[in-house]
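Student: This is the structure I have questions about; it appears just below.
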Amino acid sequence: MLQRDYIMRLIAEFFKTLERLLHKREPEKRREALEDMYRQYVGDYSFFHTADIDSIMHEMERFAADERIYRLEMLAELLYVDADLSPYPFNQDLLQKALILFRYIDANGRTYSLQRIQKIADIEKRLSAAERPS
């Protein structure tokens, strides 16, 4: 029960912090806050930018099983926001990783989320649009 309460508080804190990040006006401050969030909630910022999805999934095994899906969701959210702050073509890899994680969470999580489904659709649309020649 204590572990579950901890996870719920952690998730609430994460989304409040993410909301504050999205309202920052200066791009440098947003980027700085985003990197801090990676470190605080999931791990090394540069690792998640350079690692492939298999390495990421392996790294996330360091979290307890009942906490892991929530940490994966936090990471997917961070990658999704990070892609919005990153220029093309760098954002494509971030979107691809976020998409894989959101799909994994959707298939393996216990909670249905309409927002998650909408983000999956948004990412698929953005990746598809990037593949089409202009």
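Chain labels run A, B, ... following the order of the structure tokens; each chain numbers its residues from 1, and ligands are numbered from 1 in the order shown.
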Extract, using only C-alpha atoms, all DNA, RNA and protein residues at most 6 Å from region 118-134 of chain A, discarding same-chain residues fewer than 2 positions from it, and format them as number ranges by chain.
Tutor: A: 99, 115-116
Student: I need the residue nearest Ala65 (chain A) from this list: A:Leu101, A:Ala51, A:Ile7, A:Leu79. Use only C-alpha atoms for the distance.
Tutor: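 Nearest candidate to Ala65 (chain A) out of A:Leu101, A:Ala51, A:Ile7, A:Leu79: A:Ile7.
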Student: What gap, in Å, lies between CA of Glu61 (chain A) and CA of Val42 (chain A)?
Tutor: 11.2 Å
Student: Quick one: pull the distance between CA of Ile11 (chain A) and CA of Tyr70 (chain A), Å, one decimal.
Tutor: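 CA of Tyr70 (chain A) lies 7.5 Å from CA of Ile11 (chain A).
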Student: Please produce, as a tab-separated table, a per-residue contact table for region 44-130 of chain A versus region 33-40 of chain A (criterion: any atom at most 8 Å away, only C-alpha atoms considered), showing the nearest atom pair and its distance in Å to one decimal, sorted by chain then residue number.
Tutor:
residue	atom	partner	partner_atom	distance
A:Asp44	CA	A:Arg39	CA	5.3
A:Tyr45	CA	A:Tyr38	CA	5.4
A:Leu75	CA	A:Tyr38	CA	7.5
A:Leu78	CA	A:Tyr38	CA	7.1
A:Asp82	CA	A:Leu34	CA	7.4
Student: Next, the residues of the selection above should be written as a short mmCIF file (atom, residue, chain, number, x, y, z; two decimals), in the first residue's frame with C-alpha atoms.
Tutor:
data_model
loop_
_atom_site.label_atom_id
_atom_site.label_comp_id
_atom_site.auth_asym_id
_atom_site.auth_seq_id
_atom_site.Cartn_x
_atom_site.Cartn_y
_atom_site.Cartn_z
CA ASP A 44 20.41 10.08 -17.70
CA TYR A 45 19.14 12.45 -20.38
CA LEU A 75 9.77 8.51 -20.16
CA LEU A 78 9.36 13.25 -21.73
CA ASP A 82 11.39 16.59 -26.10
#
Student: Among region 50-120 of chain A, which ones does DSSP place in helix (DSSP H, G or I), written as JSON, numbers by chain?
Tutor: {"A": [50, 53, 54, 55, 56, 57, 58, 59, 60, 65, 66, 67, 68, 69, 70, 71, 72, 73, 74, 75, 76, 77, 78, 79, 80, 81, 82, 83, 84, 85, 90, 91, 92, 93, 94, 95, 96, 97, 98, 99, 100, 101, 102, 103, 104, 105, 106, 107, 108, 114, 115, 116, 117, 118, 119, 120]}
Student: I want to know what sits within 12 Å of Leu22 (chain A), based on only C-alpha atoms, with residues of the same chain fewer than 3 positions away left out; could you give that as a list in words?
Tutor: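 Those residues are Phe15, Lys16, Thr17, Leu18, Glu19, Arg25, Glu26, Pro27, Lys29, Arg30, Arg31, Glu32, Ala33, Leu34, Glu77, Leu78, Tyr80, Val81, Asp82, Asp84 and Leu85 of chain A.
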Student: With N, CA, C and O atoms kept, could you save the residues just selected as a PDB file, in the first residue's frame?
Tutor:
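Writing the result to result_34.pdb gives the following:
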ATOM      1  N   PHE A  15       3.535  15.066 -13.402  1.00  0.00           N
ATOM      2  CA  PHE A  15       2.686  15.790 -14.339  1.00  0.00           C
ATOM      3  C   PHE A  15       2.555  17.272 -13.976  1.00  0.00           C
ATOM      4  O   PHE A  15       2.448  18.113 -14.866  1.00  0.00           O
ATOM      5  N   LYS A  16       2.615  17.609 -12.705  1.00  0.00           N
ATOM      6  CA  LYS A  16       2.634  19.022 -12.308  1.00  0.00           C
ATOM      7  C   LYS A  16       3.915  19.688 -12.795  1.00  0.00           C
ATOM      8  O   LYS A  16       3.888  20.802 -13.318  1.00  0.00           O
ATOM      9  N   THR A  17       5.027  19.004 -12.619  1.00  0.00           N
ATOM     10  CA  THR A  17       6.319  19.539 -13.059  1.00  0.00           C
ATOM     11  C   THR A  17       6.350  19.674 -14.577  1.00  0.00           C
ATOM     12  O   THR A  17       6.832  20.673 -15.113  1.00  0.00           O
ATOM     13  N   LEU A  18       5.809  18.684 -15.281  1.00  0.00           N
ATOM     14  CA  LEU A  18       5.758  18.735 -16.744  1.00  0.00           C
ATOM     15  C   LEU A  18       4.895  19.909 -17.207  1.00  0.00           C
ATOM     16  O   LEU A  18       5.253  20.618 -18.150  1.00  0.00           O
ATOM     17  N   GLU A  19       3.792  20.132 -16.544  1.00  0.00           N
ATOM     18  CA  GLU A  19       2.908  21.257 -16.887  1.00  0.00           C
ATOM     19  C   GLU A  19       3.650  22.588 -16.706  1.00  0.00           C
ATOM     20  O   GLU A  19       3.553  23.474 -17.555  1.00  0.00           O
ATOM     21  N   ARG A  25       8.599  30.170 -20.967  1.00  0.00           N
ATOM     22  CA  ARG A  25       8.662  30.908 -22.236  1.00  0.00           C
ATOM     23  C   ARG A  25      10.017  30.771 -22.946  1.00  0.00           C
ATOM     24  O   ARG A  25      10.062  30.679 -24.163  1.00  0.00           O
ATOM     25  N   GLU A  26      11.083  30.771 -22.188  1.00  0.00           N
ATOM     26  CA  GLU A  26      12.415  30.749 -22.787  1.00  0.00           C
ATOM     27  C   GLU A  26      12.823  29.319 -23.155  1.00  0.00           C
ATOM     28  O   GLU A  26      12.823  28.435 -22.295  1.00  0.00           O
ATOM     29  N   PRO A  27      13.176  29.100 -24.431  1.00  0.00           N
ATOM     30  CA  PRO A  27      13.555  27.751 -24.869  1.00  0.00           C
ATOM     31  C   PRO A  27      14.695  27.134 -24.058  1.00  0.00           C
ATOM     32  O   PRO A  27      14.667  25.936 -23.779  1.00  0.00           O
ATOM     33  N   LYS A  29      15.417  27.645 -20.928  1.00  0.00           N
ATOM     34  CA  LYS A  29      14.881  27.258 -19.616  1.00  0.00           C
ATOM     35  C   LYS A  29      14.057  25.979 -19.743  1.00  0.00           C
ATOM     36  O   LYS A  29      14.109  25.108 -18.876  1.00  0.00           O
ATOM     37  N   ARG A  30      13.301  25.866 -20.832  1.00  0.00           N
ATOM     38  CA  ARG A  30      12.511  24.644 -21.068  1.00  0.00           C
ATOM     39  C   ARG A  30      13.426  23.442 -21.234  1.00  0.00           C
ATOM     40  O   ARG A  30      13.200  22.391 -20.651  1.00  0.00           O
ATOM     41  N   ARG A  31      14.467  23.612 -22.028  1.00  0.00           N
ATOM     42  CA  ARG A  31      15.409  22.508 -22.284  1.00  0.00           C
ATOM     43  C   ARG A  31      16.096  22.096 -20.977  1.00  0.00           C
ATOM     44  O   ARG A  31      16.213  20.917 -20.682  1.00  0.00           O
ATOM     45  N   GLU A  32      16.516  23.072 -20.197  1.00  0.00           N
ATOM     46  CA  GLU A  32      17.163  22.808 -18.918  1.00  0.00           C
ATOM     47  C   GLU A  32      16.224  22.052 -17.967  1.00  0.00           C
ATOM     48  O   GLU A  32      16.614  21.067 -17.332  1.00  0.00           O
ATOM     49  N   ALA A  33      14.999  22.521 -17.884  1.00  0.00           N
ATOM     50  CA  ALA A  33      14.007  21.878 -17.009  1.00  0.00           C
ATOM     51  C   ALA A  33      13.702  20.456 -17.484  1.00  0.00           C
ATOM     52  O   ALA A  33      13.541  19.541 -16.673  1.00  0.00           O
ATOM     53  N   LEU A  34      13.654  20.265 -18.792  1.00  0.00           N
ATOM     54  CA  LEU A  34      13.388  18.939 -19.352  1.00  0.00           C
ATOM     55  C   LEU A  34      14.514  17.970 -18.995  1.00  0.00           C
ATOM     56  O   LEU A  34      14.255  16.842 -18.556  1.00  0.00           O
ATOM     57  N   GLU A  77       6.330  10.339 -22.060  1.00  0.00           N
ATOM     58  CA  GLU A  77       5.887  11.743 -22.016  1.00  0.00           C
ATOM     59  C   GLU A  77       7.061  12.692 -22.219  1.00  0.00           C
ATOM     60  O   GLU A  77       6.943  13.685 -22.949  1.00  0.00           O
ATOM     61  N   LEU A  78       8.183  12.401 -21.575  1.00  0.00           N
ATOM     62  CA  LEU A  78       9.360  13.251 -21.730  1.00  0.00           C
ATOM     63  C   LEU A  78       9.873  13.235 -23.165  1.00  0.00           C
ATOM     64  O   LEU A  78      10.217  14.283 -23.730  1.00  0.00           O
ATOM     65  N   TYR A  80       8.126  12.627 -25.826  1.00  0.00           N
ATOM     66  CA  TYR A  80       7.108  13.303 -26.631  1.00  0.00           C
ATOM     67  C   TYR A  80       7.292  14.824 -26.563  1.00  0.00           C
ATOM     68  O   TYR A  80       7.301  15.509 -27.588  1.00  0.00           O
ATOM     69  N   VAL A  81       7.477  15.348 -25.361  1.00  0.00           N
ATOM     70  CA  VAL A  81       7.702  16.783 -25.184  1.00  0.00           C
ATOM     71  C   VAL A  81       9.051  17.174 -25.786  1.00  0.00           C
ATOM     72  O   VAL A  81       9.177  18.198 -26.459  1.00  0.00           O
ATOM     73  N   ASP A  82      10.053  16.346 -25.565  1.00  0.00           N
ATOM     74  CA  ASP A  82      11.390  16.593 -26.098  1.00  0.00           C
ATOM     75  C   ASP A  82      11.351  16.703 -27.619  1.00  0.00           C
ATOM     76  O   ASP A  82      12.033  17.558 -28.208  1.00  0.00           O
ATOM     77  N   ASP A  84       8.947  17.798 -29.405  1.00  0.00           N
ATOM     78  CA  ASP A  84       8.383  19.105 -29.749  1.00  0.00           C
ATOM     79  C   ASP A  84       9.405  20.223 -29.620  1.00  0.00           C
ATOM     80  O   ASP A  84       9.306  21.237 -30.308  1.00  0.00           O
ATOM     81  N   LEU A  85      10.378  20.036 -28.744  1.00  0.00           N
ATOM     82  CA  LEU A  85      11.400  21.062 -28.524  1.00  0.00           C
ATOM     83  C   LEU A  85      12.618  20.874 -29.422  1.00  0.00           C
ATOM     84  O   LEU A  85      13.507  21.721 -29.435  1.00  0.00           O
TER      85      LEU A  85
END
